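K.L.:
One structure coming up, written as structure tokens, with questions to follow.
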Amino acid sequence: MNFSDLSRLWNDARIRRITIQVVLVALVVFCFWWLISNTSQNLDKLNKSIGFDFLSQNAGFQIAPTLGTWLFSYEVGQSTYWDVYLIGIINTLLVAVLGIIAATVIGFLVGIMRLSNNIIFRSFATVYIELLRNIPLLLQLFFWYFTVLRSLPDKRGKVDLIPGAVSVNLEGLFLPFPIWHSGAGFAGIILLIAVISALYMRAKSRSRQLMTGHPLAIWRITAGIFAAACLMIVVSVGIPMEWSQPTFIETGPILKQGFDKTTAIMIIPEMLAVWFALTLYTAAFIAENVRSGILAVSKGQTEAANALGLSTGQTLRLIVIPQAMRVIVPPLTSQYLNLTKNSSLAVAIAYPELVSIFAGTAMNQVGKEIEMFFMMMVVYLTFSLLTSAFMNWFNHRSKLVER
Amino acid sequence: MKNLPLIVIVLVIGGGLGYFLGGGNEQAVEQEAVMETSSESTLEAVKAKGYVQCGVSQGLPGFSNADDNGNWTGIDVDLCRGVAAAVFGDADKVRFTPLSAKQRFTALSSGEIDILSRNTTWTMTRDTQLGLNFAGVNYYDGQGMMVPSGLGVTSATELDGANICTNTGTTTELNITDYFRANNMSFELVAFEKADEVVAAYDAGRCDVYTTDRSGLAAQRTKLTNPDAHVVLPEIISKEPLGPVVRQGDDQWFNIVRWSLNAMINAEELGVTQSNVDSMMGSDNPSIKRLLGEEGNFGEELGLSNDWAANLIKAVGNYGESYDAHVTPLGLARGVNALWSDGGILYAAPIR
């Protein structure tokens, strides 16, 4: 093969492309090989090995009571590091999901308020956004946590929010939990049927409105369906549920005083502080997304809706928001992802999420940094990819249909 | 996907090529790595960069604490400064990295620091599983508990049902769990990443009990709003031998750190102090002669100069001086940390 052959090969776009790709793949494989072999050599030097055997060892430390420890009935000496991993995932998911829901609601409200004609609403929204968006999240986390702590009585005292049911003190927020009686399953099925028929009627009302212009009296129909369902349940099985009575112990050994935790759901203050901070911080960003989305809808749309005689609420709900969603959803996705990843800051205030108990406590006991960070990266990556996938699907759905 | 076969071919050829490149060089790389270990010892790396990188706490008075000007003091700090003096003859050739409890071992094994001198408990797991070596013990501690005196609790056995605040990533979490399980008591643990938040949360009343090493309790107590309104319970629930740590696999560096600590303890035993070290040079006592490098070549065997220990003592003093300067002000008496000859358990191997 002489020089002119080579140059001909190089000038062939197809061959050139393949050659470049082969070289690229070779480079990637080589980099990975180099990383892995280097890591394993360095670990050998430290007499450490790679392996996941540690996951079946018993974890010898206590974890603060949270949804995760309750779900997996965590018990010191019985539960393994694998359980610790799962508890961390559940606790992270819990604040992430609760945070996403609350931040979306508050974000939409504040975003709409920012565009309101009412000067009080508008200035409140502006101050809220500018204040919360520009203070580091970690500071807000500490602020909420220590504000909550400093303003509450310790566990031997309480503040009743709803007397006899919801109370709060330094140990946490105490809520009653439902106790199911026999017949609860039956009641559930009846309610499910009621929900399905209400949805069916709603769809029917909509199609009727499209056909004739006159919707059914949907609210009355829905109320009727649920009233009938409730009547049926009460008549056949009575009320198959009651709320637990949180008991407050005021006598006996001083350390045993406070709420009896078997009679109430306890939400620890760390969880509340993380939730508040993540929600309020992310809501400020979402509000700005919402505002930009609404502003992106041309003013002519609102005017046309007014001309048709739609009320302000209807205009917003039926005309403006659906069109604004196209602009809002893509940046909303990244806010959701940020919120999930920011939840790892909770380690600073003792909320037992993944980074705190798995990368913190557990890693110090077993010292498997590489394996454990790998496992955590898998978790955050999965969360993020799932969120993105869902939001992409939603975005696709709310996209402008072009003909 | 009409390009699929092409993509597969590209992947196979590319992957093969990459693997071949990697695999072909495997031996060469291995040799290089072996050479690297023998040529780049920690001592040489330290000498090349001109200072010792020392991992310390994020602020524990008496052990390692920074003042307003960023000057670090404490017995853990003195050890690092001592090693720097032994290596360079200059105790200021040391830099400090403040580390949280959970960062510390990763920082050491990744090579970010040369010594971890951060009130770290010597346990078997850490010695074996974590790939570390403890070079000795510079403070014999034990885990204790502090409660507000208002609770009226006088013994840890009355703590059934307590909420307990502590640091995450320490042996404290395990010890307290063991203690409560052994005594069949229930408790709830609130574990923070940094000591400052533990103190703040305990001070706010989130917990009935604050548990950590007793030296730590004495030090952190000063940060409470009203230090006198709290009592330390009499129970000591664990053995916490605290000491400096190095990476496994470098015996020379390990020896330097171990013998720097031993030199400080031996100096106290022999009565060699920061102020009299020069006059002690002329001493007839052969133990002192060996310590100060006038007899034998102990320093050279470590890879240092023979006046290594003399430099060290000149810079930071002997163990007792360091203790009196930093730990005594916290109100912690020498106790078990006295020399063996004074009724304590501090006993350093002889330099001979």
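Each chain of the structure tokens is named A, B, ... in the order shown, its residues numbered from 1; ligands are numbered from 1 in display order.
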Starting from chain B, keep only residues with some atom at most 7 Å from an atom of chain A, counting only C-alpha atoms, and report them as a PyMOL selection string.
P.N.:
chain B and resi 10-11+13-15+17-19+21-22+102+129-131+151+159-162+168-169+173-174+177+188-193+204-206+248-249
K.L.:
Got a sec: who's within 6 Å of segment 275-292 of chain B, counting only C-alpha atoms, leaving out chain neighbours fewer than 5 positions off, as a count of residues only?
P.N.:
3
K.L.:
Any idea what the distance is between atom CA of Thr171 of chain B and atom CA of Ala135 of chain B?
P.N.:
18.5 Å
K.L.:
Mind checking DSSP for segment 124-157 of chain A and telling me the alpha helix (DSSP H) residues as a PyMOL selection string?
P.N.:
chain A and resi 124-133+137-151
K.L.:
Could you dump the residues just selected with N, CA and C atoms as a compact mmCIF listing (two decimals), in the first residue's frame?
P.N.:
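Contents of selection.txt, as written:
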# COMPACT_ATOMS: atom_id res chain seq x y z
N PHE A 124 -44.92 40.40 47.88
CA PHE A 124 -44.58 39.25 48.71
C PHE A 124 -43.81 38.22 47.88
N ALA A 125 -44.33 37.92 46.69
CA ALA A 125 -43.68 36.90 45.85
C ALA A 125 -42.27 37.33 45.47
N THR A 126 -42.10 38.61 45.14
CA THR A 126 -40.78 39.08 44.75
C THR A 126 -39.79 38.93 45.91
N VAL A 127 -40.21 39.37 47.09
CA VAL A 127 -39.32 39.28 48.25
C VAL A 127 -38.99 37.82 48.54
N TYR A 128 -40.01 36.97 48.51
CA TYR A 128 -39.80 35.54 48.78
C TYR A 128 -38.75 34.97 47.84
N ILE A 129 -38.95 35.21 46.54
CA ILE A 129 -38.04 34.61 45.55
C ILE A 129 -36.62 35.14 45.73
N GLU A 130 -36.50 36.46 45.82
CA GLU A 130 -35.15 37.01 45.88
C GLU A 130 -34.43 36.61 47.16
N LEU A 131 -35.17 36.50 48.24
CA LEU A 131 -34.56 36.14 49.52
C LEU A 131 -34.10 34.68 49.51
N LEU A 132 -35.01 33.77 49.19
CA LEU A 132 -34.69 32.36 49.34
C LEU A 132 -33.75 31.85 48.26
N ARG A 133 -33.84 32.45 47.08
CA ARG A 133 -33.00 31.96 46.00
C ARG A 133 -31.55 32.33 46.23
N LEU A 137 -28.37 26.99 50.50
CA LEU A 137 -29.32 26.03 51.07
C LEU A 137 -28.88 25.52 52.43
N LEU A 138 -27.56 25.29 52.59
CA LEU A 138 -27.09 24.74 53.87
C LEU A 138 -27.42 25.69 55.02
N LEU A 139 -27.26 27.01 54.77
CA LEU A 139 -27.60 27.99 55.81
C LEU A 139 -29.09 27.93 56.14
N GLN A 140 -29.91 27.80 55.11
CA GLN A 140 -31.35 27.73 55.34
C GLN A 140 -31.70 26.49 56.15
N LEU A 141 -30.98 25.41 55.85
CA LEU A 141 -31.20 24.16 56.57
C LEU A 141 -30.93 24.35 58.06
N PHE A 142 -29.77 24.95 58.36
CA PHE A 142 -29.45 25.21 59.76
C PHE A 142 -30.46 26.16 60.37
N PHE A 143 -30.84 27.18 59.62
CA PHE A 143 -31.78 28.17 60.13
C PHE A 143 -33.08 27.48 60.54
N TRP A 144 -33.66 26.71 59.65
CA TRP A 144 -34.93 26.06 59.97
C TRP A 144 -34.77 25.10 61.13
N TYR A 145 -33.69 24.33 61.09
CA TYR A 145 -33.52 23.31 62.13
C TYR A 145 -33.40 23.97 63.50
N PHE A 146 -32.51 24.95 63.61
CA PHE A 146 -32.29 25.51 64.94
C PHE A 146 -33.42 26.46 65.34
N THR A 147 -34.12 27.05 64.37
CA THR A 147 -35.31 27.83 64.72
C THR A 147 -36.37 26.91 65.30
N VAL A 148 -36.58 25.79 64.60
CA VAL A 148 -37.56 24.82 65.09
C VAL A 148 -37.18 24.35 66.50
N LEU A 149 -35.88 23.98 66.65
CA LEU A 149 -35.44 23.45 67.95
C LEU A 149 -35.60 24.48 69.07
N ARG A 150 -35.17 25.72 68.77
CA ARG A 150 -35.14 26.73 69.83
C ARG A 150 -36.55 27.17 70.23
N SER A 151 -37.52 26.97 69.34
CA SER A 151 -38.83 27.54 69.64
C SER A 151 -39.79 26.52 70.27
K.L.:
Give me the residues near Thr273 of chain B as an mmCIF file with C-alpha atoms, in the first residue's frame, where near means some atom within 7 Å (using only C-alpha atoms) and where sequence neighbours in that chain fewer than 4 positions away do not count.
P.N.:
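Below you can see selection_3.cif, which holds the result:
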data_model
loop_
_atom_site.group_PDB
_atom_site.id
_atom_site.type_symbol
_atom_site.label_atom_id
_atom_site.label_comp_id
_atom_site.auth_asym_id
_atom_site.auth_seq_id
_atom_site.Cartn_x
_atom_site.Cartn_y
_atom_site.Cartn_z
ATOM 1 C CA ALA B 267 11.876 12.350 77.252
ATOM 2 C CA GLU B 268 9.392 12.984 80.045
ATOM 3 C CA VAL B 277 17.466 19.787 76.227
ATOM 4 C CA ILE B 313 11.857 18.065 72.056
ATOM 5 C CA GLY B 317 8.671 19.630 74.519
ATOM 6 C CA ASN B 318 8.140 16.227 76.097
#
K.L.:
Taking into account only C-alpha atoms, which residue in the set B:Ile113, B:Ala85, B:Leu302, B:Ala333 is nearest to Gln252 of chain B?
P.N.:
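Ranked by minimum distance to Gln252 of chain B, first place goes to B:Leu302.
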K.L.:
Provide the atom CA of Ala194 of chain A to atom CA of Leu231 of chain A distance in Å, to one decimal place.
P.N.:
11.9 Å
K.L.:
Using only C-alpha atoms for the distances, tell me which of A:Gly293, A:Leu386, A:Arg14, A:Ile112 is nearest to Gly313 of chain A.
P.N.:
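The shortest atom-to-atom distance to Gly313 of chain A comes from A:Ile112.
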K.L.:
By how many Å are atom CA of Thr104 of chain A and atom CA of Ile193 of chain A apart?
P.N.:
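Separation of atom CA of Thr104 of chain A and atom CA of Ile193 of chain A: 29.5 Å.
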K.L.:
Write out as a short mmCIF file (atom, residue, chain, number, x, y, z; two decimals) with C-alpha atoms, in the first residue's frame each polymer residue whose atoms come within 10 Å of segment 325-337 of chain A, counting only C-alpha atoms; drop sequence neighbours fewer than 2 positions from it.
P.N.:
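selection-v3.cif written:
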data_model
loop_
_atom_site.label_atom_id
_atom_site.label_comp_id
_atom_site.auth_asym_id
_atom_site.auth_seq_id
_atom_site.Cartn_x
_atom_site.Cartn_y
_atom_site.Cartn_z
CA ALA A 96 -37.37 14.05 47.78
CA VAL A 97 -40.96 13.10 46.95
CA GLY A 99 -40.23 18.09 48.75
CA ILE A 100 -41.12 17.84 45.05
CA ILE A 101 -44.86 17.87 45.77
CA ALA A 103 -42.22 22.78 46.12
CA THR A 104 -44.39 22.40 43.02
CA THR A 282 -36.63 24.92 45.36
CA ALA A 283 -40.06 26.61 45.25
CA PHE A 285 -36.69 28.58 41.54
CA ILE A 286 -39.87 26.89 40.37
CA ALA A 287 -41.77 30.16 40.83
CA GLU A 288 -39.42 31.85 38.40
CA ASN A 289 -39.89 29.01 35.90
CA VAL A 290 -43.65 29.38 36.21
CA ARG A 291 -43.46 33.11 35.73
CA SER A 292 -41.36 32.77 32.59
CA GLY A 293 -43.75 30.10 31.31
CA ILE A 294 -46.80 32.29 31.80
CA LEU A 295 -45.11 35.31 30.27
CA ALA A 296 -44.27 33.17 27.24
CA VAL A 297 -47.98 32.77 26.46
CA VAL A 320 -52.78 30.02 29.98
CA ILE A 321 -51.36 27.20 32.18
CA PRO A 322 -51.71 24.41 29.58
CA GLN A 323 -49.76 26.47 27.09
CA LEU A 339 -33.97 18.89 44.98
CA THR A 340 -33.30 15.16 45.06
CA LYS A 341 -29.55 15.63 44.97
CA ASN A 342 -29.64 18.49 47.50
CA TYR A 380 -28.88 8.89 42.67
CA LEU A 381 -28.44 8.08 39.00
CA PHE A 383 -33.61 8.51 40.80
CA SER A 384 -32.49 11.15 38.36
CA LEU A 385 -33.01 9.05 35.25
CA LEU A 386 -36.47 7.97 36.40
CA THR A 387 -37.45 11.57 37.15
CA SER A 388 -36.17 12.67 33.75
CA ALA A 389 -37.96 9.84 31.99
CA PHE A 390 -41.25 10.70 33.68
CA MET A 391 -40.89 14.40 32.98
CA ASN A 392 -39.97 13.74 29.35
CA PHE A 394 -45.14 14.44 30.63
CA ASN A 395 -43.50 17.07 28.45
CA HIS A 396 -44.28 15.03 25.37
CA ARG A 397 -47.90 14.87 26.46
CA SER A 398 -48.25 18.58 27.15
CA LYS A 399 -46.40 19.57 23.99
CA LEU A 400 -48.17 21.67 21.41
#
K.L.:
Got a sec: who's within 12 Å of Glu158 of chain B, counting only C-alpha atoms, leaving out chain neighbours fewer than 6 positions off, as a VMD selection string?
P.N.:
(chain A and resid 253 to 256) or (chain B and resid 147 151 to 152 180 183 to 187 208 to 209 233 235)
K.L.:
Tell me, as a compact mmCIF listing (two decimals) with N, CA and C atoms, in the first residue's frame, which residues lie within 12 Å of Ala305 of chain A, counting only C-alpha atoms; anything in the same chain fewer than 2 positions away does not count.
P.N.:
# COMPACT_ATOMS: atom_id res chain seq x y z
N SER A 298 -48.72 34.28 24.71
CA SER A 298 -48.99 35.62 24.17
C SER A 298 -50.22 36.23 24.80
N LYS A 299 -50.18 37.53 24.97
CA LYS A 299 -51.25 38.23 25.68
C LYS A 299 -52.58 38.09 24.95
N GLY A 300 -52.49 37.94 23.62
CA GLY A 300 -53.69 37.77 22.80
C GLY A 300 -54.55 36.60 23.26
N GLN A 301 -53.92 35.57 23.80
CA GLN A 301 -54.66 34.39 24.28
C GLN A 301 -55.58 34.77 25.42
N THR A 302 -55.05 35.55 26.38
CA THR A 302 -55.85 35.98 27.52
C THR A 302 -56.99 36.88 27.03
N GLU A 303 -56.65 37.79 26.12
CA GLU A 303 -57.68 38.70 25.62
C GLU A 303 -58.78 37.95 24.89
N ALA A 307 -62.71 37.75 25.81
CA ALA A 307 -63.74 38.05 24.83
C ALA A 307 -64.80 36.96 24.80
N LEU A 308 -64.35 35.71 25.06
CA LEU A 308 -65.29 34.59 25.06
C LEU A 308 -66.10 34.53 26.35
N GLY A 309 -65.71 35.36 27.33
CA GLY A 309 -66.48 35.42 28.57
C GLY A 309 -66.00 34.44 29.63
N LEU A 310 -64.76 33.93 29.50
CA LEU A 310 -64.23 33.04 30.55
C LEU A 310 -63.80 33.89 31.74
N SER A 311 -63.96 33.34 32.93
CA SER A 311 -63.53 34.06 34.14
C SER A 311 -62.01 34.03 34.24
N THR A 312 -61.44 34.85 35.14
CA THR A 312 -59.99 34.88 35.29
C THR A 312 -59.46 33.49 35.62
N GLY A 313 -60.12 32.82 36.56
CA GLY A 313 -59.69 31.48 36.97
C GLY A 313 -59.72 30.52 35.80
N GLN A 314 -60.83 30.58 35.03
CA GLN A 314 -60.94 29.67 33.88
C GLN A 314 -59.87 29.97 32.84
N THR A 315 -59.62 31.27 32.62
CA THR A 315 -58.60 31.65 31.65
C THR A 315 -57.26 31.03 32.04
N LEU A 316 -56.94 31.19 33.33
CA LEU A 316 -55.66 30.68 33.83
C LEU A 316 -55.61 29.15 33.68
N ARG A 317 -56.70 28.50 34.11
CA ARG A 317 -56.71 27.05 34.18
C ARG A 317 -56.80 26.40 32.80
N LEU A 318 -57.62 26.99 31.94
CA LEU A 318 -57.91 26.32 30.67
C LEU A 318 -57.06 26.84 29.51
N ILE A 319 -56.65 28.09 29.59
CA ILE A 319 -55.96 28.67 28.43
C ILE A 319 -54.46 28.87 28.71
N VAL A 320 -54.16 29.58 29.79
CA VAL A 320 -52.78 30.02 29.98
C VAL A 320 -51.87 28.88 30.47
